[in-house]
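Structure file structure22.txt (compact mmCIF, N, CA and C atoms) follows.
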# COMPACT_ATOMS: atom_id res chain seq x y z
N MET A 859 -16.92 1.85 36.99
CA MET A 859 -16.78 1.40 35.63
C MET A 859 -15.68 0.34 35.57
N THR A 860 -15.98 -0.78 34.96
CA THR A 860 -14.99 -1.84 34.84
C THR A 860 -14.25 -1.71 33.51
N LYS A 861 -12.96 -1.94 33.59
CA LYS A 861 -12.16 -1.90 32.36
C LYS A 861 -12.27 -3.24 31.65
N ARG A 862 -12.47 -3.17 30.35
CA ARG A 862 -12.47 -4.39 29.56
C ARG A 862 -11.04 -4.85 29.36
N PRO A 863 -10.79 -6.12 29.49
CA PRO A 863 -9.42 -6.59 29.25
C PRO A 863 -9.07 -6.39 27.77
N LYS A 864 -7.83 -6.01 27.52
CA LYS A 864 -7.37 -5.84 26.14
C LYS A 864 -7.20 -7.21 25.50
N LYS A 865 -7.63 -7.29 24.24
CA LYS A 865 -7.42 -8.53 23.50
C LYS A 865 -5.98 -8.58 23.02
N PRO A 866 -5.40 -9.77 22.99
CA PRO A 866 -4.06 -9.87 22.40
C PRO A 866 -4.13 -9.46 20.92
N LEU A 867 -3.06 -8.90 20.42
CA LEU A 867 -3.00 -8.45 19.03
C LEU A 867 -3.42 -9.55 18.06
N GLU A 868 -3.02 -10.79 18.34
CA GLU A 868 -3.32 -11.91 17.46
C GLU A 868 -4.82 -12.19 17.36
N ASP A 869 -5.61 -11.76 18.36
CA ASP A 869 -7.05 -11.97 18.32
C ASP A 869 -7.76 -10.95 17.43
N VAL A 870 -7.09 -9.88 17.07
CA VAL A 870 -7.70 -8.81 16.29
C VAL A 870 -7.08 -8.73 14.89
N TRP A 871 -5.77 -8.91 14.79
CA TRP A 871 -5.04 -8.82 13.54
C TRP A 871 -4.41 -10.16 13.20
N THR A 872 -4.35 -10.48 11.91
CA THR A 872 -3.66 -11.66 11.43
C THR A 872 -2.63 -11.22 10.40
N GLN A 873 -1.37 -11.57 10.62
CA GLN A 873 -0.33 -11.14 9.68
C GLN A 873 -0.52 -11.84 8.35
N ILE A 874 -0.50 -11.04 7.26
CA ILE A 874 -0.67 -11.59 5.91
C ILE A 874 0.52 -11.27 5.01
N GLY A 875 1.45 -10.46 5.49
CA GLY A 875 2.61 -10.14 4.67
C GLY A 875 3.64 -9.35 5.45
N GLN A 876 4.82 -9.25 4.84
CA GLN A 876 5.88 -8.45 5.44
C GLN A 876 6.85 -8.03 4.35
N GLY A 877 7.23 -6.75 4.41
CA GLY A 877 8.28 -6.24 3.54
C GLY A 877 9.50 -5.95 4.38
N LEU A 878 10.39 -5.16 3.83
CA LEU A 878 11.62 -4.83 4.56
C LEU A 878 11.35 -3.97 5.78
N TYR A 879 10.37 -3.06 5.69
CA TYR A 879 10.18 -2.06 6.74
C TYR A 879 8.79 -2.06 7.37
N ARG A 880 7.89 -2.94 6.88
CA ARG A 880 6.54 -2.97 7.44
C ARG A 880 6.00 -4.39 7.45
N LYS A 881 5.13 -4.65 8.42
CA LYS A 881 4.34 -5.88 8.45
C LYS A 881 2.91 -5.49 8.09
N VAL A 882 2.20 -6.40 7.43
CA VAL A 882 0.82 -6.13 7.01
C VAL A 882 -0.09 -7.16 7.68
N PHE A 883 -1.19 -6.65 8.24
CA PHE A 883 -2.15 -7.49 8.96
C PHE A 883 -3.55 -7.29 8.40
N SER A 884 -4.33 -8.38 8.35
CA SER A 884 -5.75 -8.24 8.03
C SER A 884 -6.49 -7.97 9.34
N LEU A 885 -7.61 -7.30 9.23
CA LEU A 885 -8.44 -6.99 10.40
C LEU A 885 -9.57 -8.00 10.46
N GLN A 886 -9.66 -8.72 11.55
CA GLN A 886 -10.70 -9.74 11.65
C GLN A 886 -12.10 -9.15 11.68
N ASN A 887 -12.24 -7.95 12.21
CA ASN A 887 -13.58 -7.35 12.29
C ASN A 887 -13.92 -6.52 11.06
N ASN A 888 -12.99 -6.34 10.12
CA ASN A 888 -13.25 -5.58 8.91
C ASN A 888 -12.30 -6.07 7.81
N PRO A 889 -12.71 -7.10 7.05
CA PRO A 889 -11.81 -7.72 6.07
C PRO A 889 -11.50 -6.85 4.85
N ASP A 890 -12.14 -5.70 4.69
CA ASP A 890 -11.87 -4.82 3.56
C ASP A 890 -10.66 -3.92 3.77
N TRP A 891 -10.09 -3.95 4.97
CA TRP A 891 -8.99 -3.06 5.31
C TRP A 891 -7.82 -3.87 5.88
N VAL A 892 -6.61 -3.31 5.73
CA VAL A 892 -5.42 -3.91 6.34
C VAL A 892 -4.75 -2.86 7.22
N VAL A 893 -3.90 -3.33 8.13
CA VAL A 893 -3.09 -2.47 8.97
C VAL A 893 -1.64 -2.70 8.57
N LYS A 894 -0.93 -1.60 8.34
CA LYS A 894 0.50 -1.67 8.06
C LYS A 894 1.23 -1.15 9.29
N LEU A 895 2.05 -2.01 9.86
CA LEU A 895 2.80 -1.67 11.06
C LEU A 895 4.24 -1.41 10.67
N GLU A 896 4.67 -0.18 10.89
CA GLU A 896 6.04 0.22 10.53
C GLU A 896 7.04 -0.39 11.51
N LEU A 897 8.09 -0.97 10.97
CA LEU A 897 9.14 -1.56 11.78
C LEU A 897 10.28 -0.55 11.92
N ASP A 898 11.11 -0.75 12.93
CA ASP A 898 12.30 0.09 13.05
C ASP A 898 13.25 -0.26 11.92
N GLY A 899 13.81 0.75 11.29
CA GLY A 899 14.73 0.48 10.19
C GLY A 899 15.35 1.75 9.66
N PRO A 900 16.16 1.61 8.62
CA PRO A 900 16.89 2.76 8.08
C PRO A 900 16.01 3.76 7.33
N THR A 901 14.84 3.35 6.89
CA THR A 901 13.96 4.29 6.18
C THR A 901 12.63 4.40 6.92
N PRO A 902 12.61 5.16 8.00
CA PRO A 902 11.35 5.30 8.73
C PRO A 902 10.36 6.18 7.97
N HIS A 903 9.16 6.18 8.43
CA HIS A 903 8.11 7.07 7.94
C HIS A 903 7.50 6.66 6.59
N ASN A 904 7.62 5.39 6.19
CA ASN A 904 6.94 4.95 4.97
C ASN A 904 5.44 5.12 5.10
N ASN A 905 4.88 4.81 6.27
CA ASN A 905 3.45 4.97 6.47
C ASN A 905 3.03 6.43 6.34
N MET A 906 3.81 7.31 6.93
CA MET A 906 3.46 8.73 6.87
C MET A 906 3.54 9.24 5.43
N MET A 907 4.54 8.80 4.69
CA MET A 907 4.68 9.22 3.30
C MET A 907 3.54 8.66 2.46
N GLU A 908 3.19 7.39 2.69
CA GLU A 908 2.09 6.79 1.94
C GLU A 908 0.79 7.55 2.21
N PHE A 909 0.56 7.90 3.46
CA PHE A 909 -0.64 8.66 3.81
C PHE A 909 -0.61 10.04 3.16
N ALA A 910 0.56 10.68 3.11
CA ALA A 910 0.69 12.01 2.48
C ALA A 910 0.42 11.92 0.97
N VAL A 911 0.92 10.88 0.32
CA VAL A 911 0.66 10.70 -1.12
C VAL A 911 -0.83 10.49 -1.35
N TRP A 912 -1.46 9.63 -0.53
CA TRP A 912 -2.90 9.40 -0.68
C TRP A 912 -3.69 10.69 -0.47
N THR A 913 -3.33 11.45 0.55
CA THR A 913 -4.02 12.71 0.83
C THR A 913 -3.90 13.68 -0.35
N ALA A 914 -2.72 13.69 -0.99
CA ALA A 914 -2.52 14.56 -2.16
C ALA A 914 -3.33 14.10 -3.36
N CYS A 915 -3.64 12.81 -3.44
CA CYS A 915 -4.33 12.25 -4.61
C CYS A 915 -5.81 11.96 -4.40
N GLU A 916 -6.25 12.00 -3.18
CA GLU A 916 -7.59 11.52 -2.83
C GLU A 916 -8.70 12.13 -3.69
N PHE A 917 -8.58 13.38 -4.04
CA PHE A 917 -9.63 14.05 -4.81
C PHE A 917 -9.17 14.40 -6.22
N TYR A 918 -8.12 13.74 -6.68
CA TYR A 918 -7.55 13.99 -8.01
C TYR A 918 -7.62 12.69 -8.80
N ASP A 919 -8.54 12.62 -9.76
CA ASP A 919 -8.82 11.37 -10.46
C ASP A 919 -7.60 10.64 -11.00
N PRO A 920 -6.68 11.30 -11.71
CA PRO A 920 -5.54 10.52 -12.22
C PRO A 920 -4.70 9.89 -11.11
N GLY A 921 -4.69 10.49 -9.95
CA GLY A 921 -3.92 9.92 -8.85
C GLY A 921 -4.65 8.82 -8.12
N LYS A 922 -5.85 9.11 -7.69
CA LYS A 922 -6.57 8.14 -6.84
C LYS A 922 -6.92 6.86 -7.58
N HIS A 923 -7.01 6.93 -8.89
CA HIS A 923 -7.34 5.74 -9.68
C HIS A 923 -6.26 4.67 -9.57
N TRP A 924 -5.02 5.05 -9.26
CA TRP A 924 -3.89 4.13 -9.23
C TRP A 924 -3.47 3.72 -7.83
N LEU A 925 -4.15 4.18 -6.79
CA LEU A 925 -3.68 3.94 -5.42
C LEU A 925 -4.73 3.26 -4.56
N ALA A 926 -4.28 2.36 -3.70
CA ALA A 926 -5.16 1.79 -2.68
C ALA A 926 -5.40 2.89 -1.64
N PRO A 927 -6.65 3.20 -1.34
CA PRO A 927 -6.94 4.30 -0.40
C PRO A 927 -6.44 4.02 1.02
N CYS A 928 -5.96 5.07 1.65
CA CYS A 928 -5.61 5.03 3.06
C CYS A 928 -6.76 5.64 3.84
N ARG A 929 -7.01 5.10 5.01
CA ARG A 929 -8.15 5.57 5.81
C ARG A 929 -7.71 6.40 7.02
N GLU A 930 -6.76 5.86 7.78
CA GLU A 930 -6.34 6.54 9.01
C GLU A 930 -4.88 6.22 9.29
N ILE A 931 -4.27 7.07 10.09
CA ILE A 931 -2.90 6.85 10.52
C ILE A 931 -2.83 7.14 12.02
N TYR A 932 -2.07 6.32 12.73
CA TYR A 932 -2.02 6.42 14.19
C TYR A 932 -0.58 6.32 14.69
N ASN A 933 -0.43 6.62 15.98
CA ASN A 933 0.80 6.38 16.71
C ASN A 933 2.03 6.95 15.99
N GLU A 934 1.94 8.23 15.68
CA GLU A 934 3.02 8.96 15.00
C GLU A 934 3.45 8.28 13.71
N GLY A 935 2.48 7.72 12.99
CA GLY A 935 2.74 7.11 11.70
C GLY A 935 3.14 5.65 11.75
N ARG A 936 3.22 5.10 12.90
CA ARG A 936 3.64 3.69 13.01
C ARG A 936 2.56 2.73 12.50
N ILE A 937 1.29 3.15 12.55
CA ILE A 937 0.18 2.30 12.13
C ILE A 937 -0.62 3.01 11.05
N LEU A 938 -0.81 2.35 9.92
CA LEU A 938 -1.58 2.89 8.79
C LEU A 938 -2.69 1.91 8.45
N VAL A 939 -3.89 2.42 8.22
CA VAL A 939 -5.02 1.59 7.80
C VAL A 939 -5.27 1.88 6.32
N GLN A 940 -5.27 0.82 5.51
CA GLN A 940 -5.39 0.96 4.06
C GLN A 940 -6.36 -0.09 3.52
N ARG A 941 -7.03 0.22 2.40
CA ARG A 941 -7.92 -0.76 1.76
C ARG A 941 -7.14 -2.00 1.37
N LYS A 942 -7.74 -3.13 1.57
CA LYS A 942 -7.12 -4.40 1.20
C LYS A 942 -7.29 -4.63 -0.30
N VAL A 943 -6.25 -5.11 -0.93
CA VAL A 943 -6.30 -5.44 -2.36
C VAL A 943 -6.13 -6.94 -2.52
N GLU A 944 -6.54 -7.44 -3.67
CA GLU A 944 -6.41 -8.86 -3.98
C GLU A 944 -5.24 -9.06 -4.93
N THR A 945 -4.52 -10.15 -4.78
CA THR A 945 -3.41 -10.48 -5.67
C THR A 945 -3.96 -10.76 -7.07
N PRO A 946 -3.37 -10.14 -8.10
CA PRO A 946 -3.84 -10.44 -9.46
C PRO A 946 -3.58 -11.91 -9.81
N PRO A 947 -4.45 -12.49 -10.63
CA PRO A 947 -4.24 -13.90 -11.02
C PRO A 947 -2.99 -14.03 -11.89
N ASP A 948 -2.48 -15.25 -12.02
CA ASP A 948 -1.26 -15.50 -12.80
C ASP A 948 -1.41 -15.06 -14.26
N ASP A 949 -2.60 -15.13 -14.80
CA ASP A 949 -2.80 -14.75 -16.21
C ASP A 949 -3.20 -13.28 -16.38
N PHE A 950 -3.01 -12.48 -15.34
CA PHE A 950 -3.36 -11.06 -15.40
C PHE A 950 -2.53 -10.35 -16.46
N GLU A 951 -3.17 -9.50 -17.23
CA GLU A 951 -2.48 -8.70 -18.25
C GLU A 951 -2.10 -7.36 -17.64
N TRP A 952 -0.83 -7.19 -17.35
CA TRP A 952 -0.33 -5.97 -16.73
C TRP A 952 -0.35 -4.83 -17.74
N PRO A 953 -0.74 -3.63 -17.32
CA PRO A 953 -0.80 -2.51 -18.27
C PRO A 953 0.57 -2.17 -18.84
N GLU A 954 0.58 -1.73 -20.09
CA GLU A 954 1.83 -1.36 -20.75
C GLU A 954 2.31 0.02 -20.32
N ARG A 955 1.39 0.86 -19.84
CA ARG A 955 1.74 2.22 -19.44
C ARG A 955 1.16 2.51 -18.06
N VAL A 956 1.93 3.27 -17.29
CA VAL A 956 1.51 3.68 -15.94
C VAL A 956 1.88 5.14 -15.75
N PRO A 957 1.31 5.80 -14.74
CA PRO A 957 1.70 7.19 -14.47
C PRO A 957 3.20 7.28 -14.17
N ASN A 958 3.83 8.36 -14.64
CA ASN A 958 5.29 8.47 -14.48
C ASN A 958 5.72 8.60 -13.02
N TRP A 959 4.82 8.94 -12.12
CA TRP A 959 5.17 9.07 -10.70
C TRP A 959 5.11 7.76 -9.94
N LEU A 960 4.63 6.68 -10.58
CA LEU A 960 4.69 5.35 -9.96
C LEU A 960 6.08 4.79 -10.28
N THR A 961 6.91 4.67 -9.27
CA THR A 961 8.31 4.37 -9.52
C THR A 961 8.72 2.93 -9.26
N ASP A 962 8.15 2.28 -8.28
CA ASP A 962 8.54 0.91 -7.94
C ASP A 962 7.51 -0.05 -8.52
N LEU A 963 7.79 -0.57 -9.70
CA LEU A 963 6.81 -1.40 -10.40
C LEU A 963 7.00 -2.89 -10.13
N LYS A 964 7.33 -3.20 -8.90
CA LYS A 964 7.37 -4.60 -8.47
C LYS A 964 5.92 -5.09 -8.42
N LYS A 965 5.65 -6.21 -9.06
CA LYS A 965 4.28 -6.70 -9.14
C LYS A 965 3.66 -6.92 -7.77
N GLN A 966 4.47 -7.27 -6.79
CA GLN A 966 3.94 -7.51 -5.44
C GLN A 966 3.50 -6.23 -4.76
N ASN A 967 3.82 -5.06 -5.30
CA ASN A 967 3.39 -3.78 -4.76
C ASN A 967 2.03 -3.35 -5.29
N PHE A 968 1.38 -4.19 -6.09
CA PHE A 968 0.11 -3.86 -6.72
C PHE A 968 -0.91 -4.95 -6.45
N GLY A 969 -2.16 -4.59 -6.55
CA GLY A 969 -3.24 -5.55 -6.36
C GLY A 969 -4.49 -5.03 -7.03
N LEU A 970 -5.52 -5.84 -6.99
CA LEU A 970 -6.79 -5.47 -7.61
C LEU A 970 -7.75 -4.97 -6.54
N LEU A 971 -8.36 -3.84 -6.83
CA LEU A 971 -9.37 -3.25 -5.95
C LEU A 971 -10.57 -2.92 -6.83
N ASP A 972 -11.69 -3.58 -6.57
CA ASP A 972 -12.89 -3.40 -7.39
C ASP A 972 -12.59 -3.61 -8.87
N GLY A 973 -11.71 -4.58 -9.16
CA GLY A 973 -11.41 -4.95 -10.54
C GLY A 973 -10.34 -4.12 -11.24
N ARG A 974 -9.81 -3.11 -10.59
CA ARG A 974 -8.77 -2.30 -11.24
C ARG A 974 -7.45 -2.44 -10.49
N LEU A 975 -6.36 -2.28 -11.22
CA LEU A 975 -5.03 -2.40 -10.65
C LEU A 975 -4.66 -1.13 -9.89
N VAL A 976 -4.21 -1.31 -8.64
CA VAL A 976 -3.78 -0.17 -7.83
C VAL A 976 -2.48 -0.52 -7.11
N SER A 977 -1.72 0.50 -6.78
CA SER A 977 -0.52 0.31 -5.96
C SER A 977 -0.95 0.26 -4.50
N CYS A 978 -0.39 -0.69 -3.78
CA CYS A 978 -0.67 -0.78 -2.34
C CYS A 978 0.60 -0.53 -1.54
N ASP A 979 1.66 -0.15 -2.23
CA ASP A 979 2.93 0.15 -1.56
C ASP A 979 3.57 1.33 -2.27
N TYR A 980 3.22 2.52 -1.84
CA TYR A 980 3.71 3.74 -2.48
C TYR A 980 4.26 4.72 -1.45
N GLY A 981 4.94 4.16 -0.44
CA GLY A 981 5.43 4.96 0.68
C GLY A 981 6.78 5.62 0.46
N CYS A 982 7.08 6.05 -0.75
CA CYS A 982 8.30 6.81 -0.97
C CYS A 982 7.92 8.24 -1.35
N ASP A 983 8.88 9.14 -1.33
CA ASP A 983 8.54 10.54 -1.57
C ASP A 983 8.55 10.94 -3.04
N LEU A 984 8.89 10.05 -3.96
CA LEU A 984 8.98 10.42 -5.36
C LEU A 984 7.66 10.92 -5.97
N PRO A 985 6.50 10.31 -5.64
CA PRO A 985 5.27 10.87 -6.21
C PRO A 985 5.07 12.35 -5.84
N LEU A 986 5.40 12.70 -4.61
CA LEU A 986 5.23 14.11 -4.22
C LEU A 986 6.33 14.97 -4.83
N ALA A 987 7.54 14.45 -4.93
CA ALA A 987 8.65 15.22 -5.50
C ALA A 987 8.46 15.43 -7.00
N LYS A 988 8.01 14.40 -7.72
CA LYS A 988 7.80 14.51 -9.16
C LYS A 988 6.52 15.27 -9.49
N GLY A 989 5.57 15.22 -8.58
CA GLY A 989 4.26 15.81 -8.85
C GLY A 989 3.33 14.75 -9.43
N ILE A 990 2.10 14.79 -9.00
CA ILE A 990 1.10 13.85 -9.49
C ILE A 990 0.52 14.43 -10.77
N SER A 991 0.72 13.75 -11.87
CA SER A 991 0.25 14.27 -13.15
C SER A 991 -0.40 13.16 -13.97
N LYS A 992 -0.91 13.53 -15.12
CA LYS A 992 -1.51 12.55 -16.04
C LYS A 992 -0.46 11.93 -16.95
N ARG A 993 0.77 12.40 -16.90
CA ARG A 993 1.83 11.90 -17.78
C ARG A 993 2.05 10.41 -17.52
N MET A 994 2.13 9.66 -18.61
CA MET A 994 2.31 8.20 -18.52
C MET A 994 3.70 7.83 -19.03
N LYS A 995 4.15 6.63 -18.63
CA LYS A 995 5.43 6.09 -19.10
C LYS A 995 5.25 4.61 -19.39
N LYS A 996 6.21 4.06 -20.14
CA LYS A 996 6.20 2.63 -20.41
C LYS A 996 6.48 1.90 -19.09
N ALA A 997 5.68 0.91 -18.80
CA ALA A 997 5.83 0.16 -17.55
C ALA A 997 6.89 -0.92 -17.71
N GLU A 998 7.79 -0.98 -16.75
CA GLU A 998 8.80 -2.05 -16.70
C GLU A 998 8.56 -2.85 -15.43
N TRP A 999 7.59 -3.76 -15.52
CA TRP A 999 7.20 -4.58 -14.38
C TRP A 999 8.30 -5.57 -14.04
N TRP A 1000 8.42 -5.88 -12.75
CA TRP A 1000 9.33 -6.94 -12.33
C TRP A 1000 8.68 -7.71 -11.20
N ASP A 1001 9.14 -8.93 -11.03
CA ASP A 1001 8.52 -9.86 -10.08
C ASP A 1001 9.61 -10.40 -9.16
N GLU A 1002 9.50 -10.11 -7.87
CA GLU A 1002 10.54 -10.56 -6.94
C GLU A 1002 10.61 -12.07 -6.83
N ARG A 1003 9.54 -12.76 -7.20
CA ARG A 1003 9.55 -14.23 -7.14
C ARG A 1003 10.41 -14.83 -8.24
N LYS A 1004 10.68 -14.06 -9.30
CA LYS A 1004 11.43 -14.58 -10.44
C LYS A 1004 12.86 -14.06 -10.50
N ARG A 1005 13.31 -13.40 -9.45
CA ARG A 1005 14.69 -12.90 -9.41
C ARG A 1005 15.65 -14.04 -9.12
N VAL A 1006 16.77 -13.99 -9.75
CA VAL A 1006 17.81 -15.01 -9.51
C VAL A 1006 18.56 -14.62 -8.24
N LYS A 1007 18.74 -15.55 -7.35
CA LYS A 1007 19.43 -15.26 -6.09
C LYS A 1007 20.79 -15.87 -6.07

As structure tokens, how would this structure be written, given the file I've shared?
Amino acid sequence: MTKRPKKPLEDVWTQIGQGLYRKVFSLQNNPDWVVKLELDGPTPHNNMMEFAVWTACEFYDPGKHWLAPCREIYNEGRILVQRKVETPPDDFEWPERVPNWLTDLKKQNFGLLDGRLVSCDYGCDLPLAKGISKRMKKAEWWDERKRVK
């Protein structure tokens, strides 16, 4: 049996974003999904927490309606596969109320999936600590592009 040569990472994944603790890549063979690669840093396990939150919400309508679905997790949580979302247009009307367990309302943490707004960056433990409920709160959206530096 002959071994197939491994493709370089760049031939399979294309980087489309980066936060403080993760890089995000599109999958060339499946454009509906992204890969989140956890970087070394002071807050490890964002991927594992995001996967745990999704698992807790996957079959609970009030929860899953607000989250980009996670599909798989690999390499001790270092690699997470999640549905790809689209950036909302500039004239998007952001909702006035959101579930109280959505804590980081940075606009760049959200995107459109099948026409509805979902969080694509929810890798903190607050949703699990607060509990996933139907309780809503006033949304205080912020945009990192408009922050004064």

Go through A:Leu986, A:Leu975, A:Leu963, A:Val943 one by one, measure the shortest atom-to-atom distance of each to Ser884 (chain A) using only C-alpha atoms, and give the residue with the smallest value.
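Looking only at the distances to Ser884 (chain A), the closest residue turns out to be A:Val943.
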
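With only C-alpha atoms as the atoms that count, the minimum distance from Phe950 (chain A) to the choices A:His903, A:Arg974, A:Lys1004, A:Lys988 is reached by A:Arg974.
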
Distance criterion (only C-alpha atoms): nearest to Leu897 (chain A) out of A:Cys982, A:Tyr932, A:Phe968, A:Leu878
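Looking only at the distances to Leu897 (chain A), the closest residue turns out to be A:Leu878.
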
Pairwise distance for CA of Thr961 (chain A) and CA of Trp912 (chain A), rounded to one decimal in Å:
15.1 Å

Contacts of Met994 (chain A) at 6.5 Å (only N, CA and C atoms; same-chain gap of 5+ positions) as number ranges by chain
A: 955-958

Suppose we keep N, CA and C atoms; can you now write the selection as a tab-separated table (two decimals), in the frame of the given file?
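Result saved to result.tsv:
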chain	number	residue	atom	x	y	z
A	955	ARG	N	1.39	0.86	-19.84
A	955	ARG	CA	1.74	2.22	-19.44
A	955	ARG	C	1.16	2.51	-18.06
A	956	VAL	N	1.93	3.27	-17.29
A	956	VAL	CA	1.51	3.68	-15.94
A	956	VAL	C	1.88	5.14	-15.75
A	957	PRO	N	1.31	5.80	-14.74
A	957	PRO	CA	1.70	7.19	-14.47
A	957	PRO	C	3.20	7.28	-14.17
A	958	ASN	N	3.83	8.36	-14.64
A	958	ASN	CA	5.29	8.47	-14.48
A	958	ASN	C	5.72	8.60	-13.02

Suppose you want the space between CA of Asn933 (chain A) and CA of Cys915 (chain A); what is it in Å?
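Value for the CA of Asn933 (chain A)-CA of Cys915 (chain A) distance: 22.7 Å.
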
I'd like the box whose edges run along x, y and z of the file and which contains every listed atom of region 955-969 of chain A, padded by 5 Å per side; could you state its centre and edge lengths in Å, one decimal, as AutoDock Vina command-line options?
--center_x 2.1 --center_y 0.8 --center_z -12.3 --size_x 23.2 --size_y 26.6 --size_z 25.1

To one decimal place, how far is CA of Gln940 (chain A) from CA of Lys995 (chain A) in Å?
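Here the two named atoms are 26.1 Å from each other.
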
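Between Lys894 (chain A) and the residues A:Asp972, A:Asp979, A:Glu954, A:Glu998, the shortest atom-to-atom distance, using only C-alpha atoms, involves A:Asp979.
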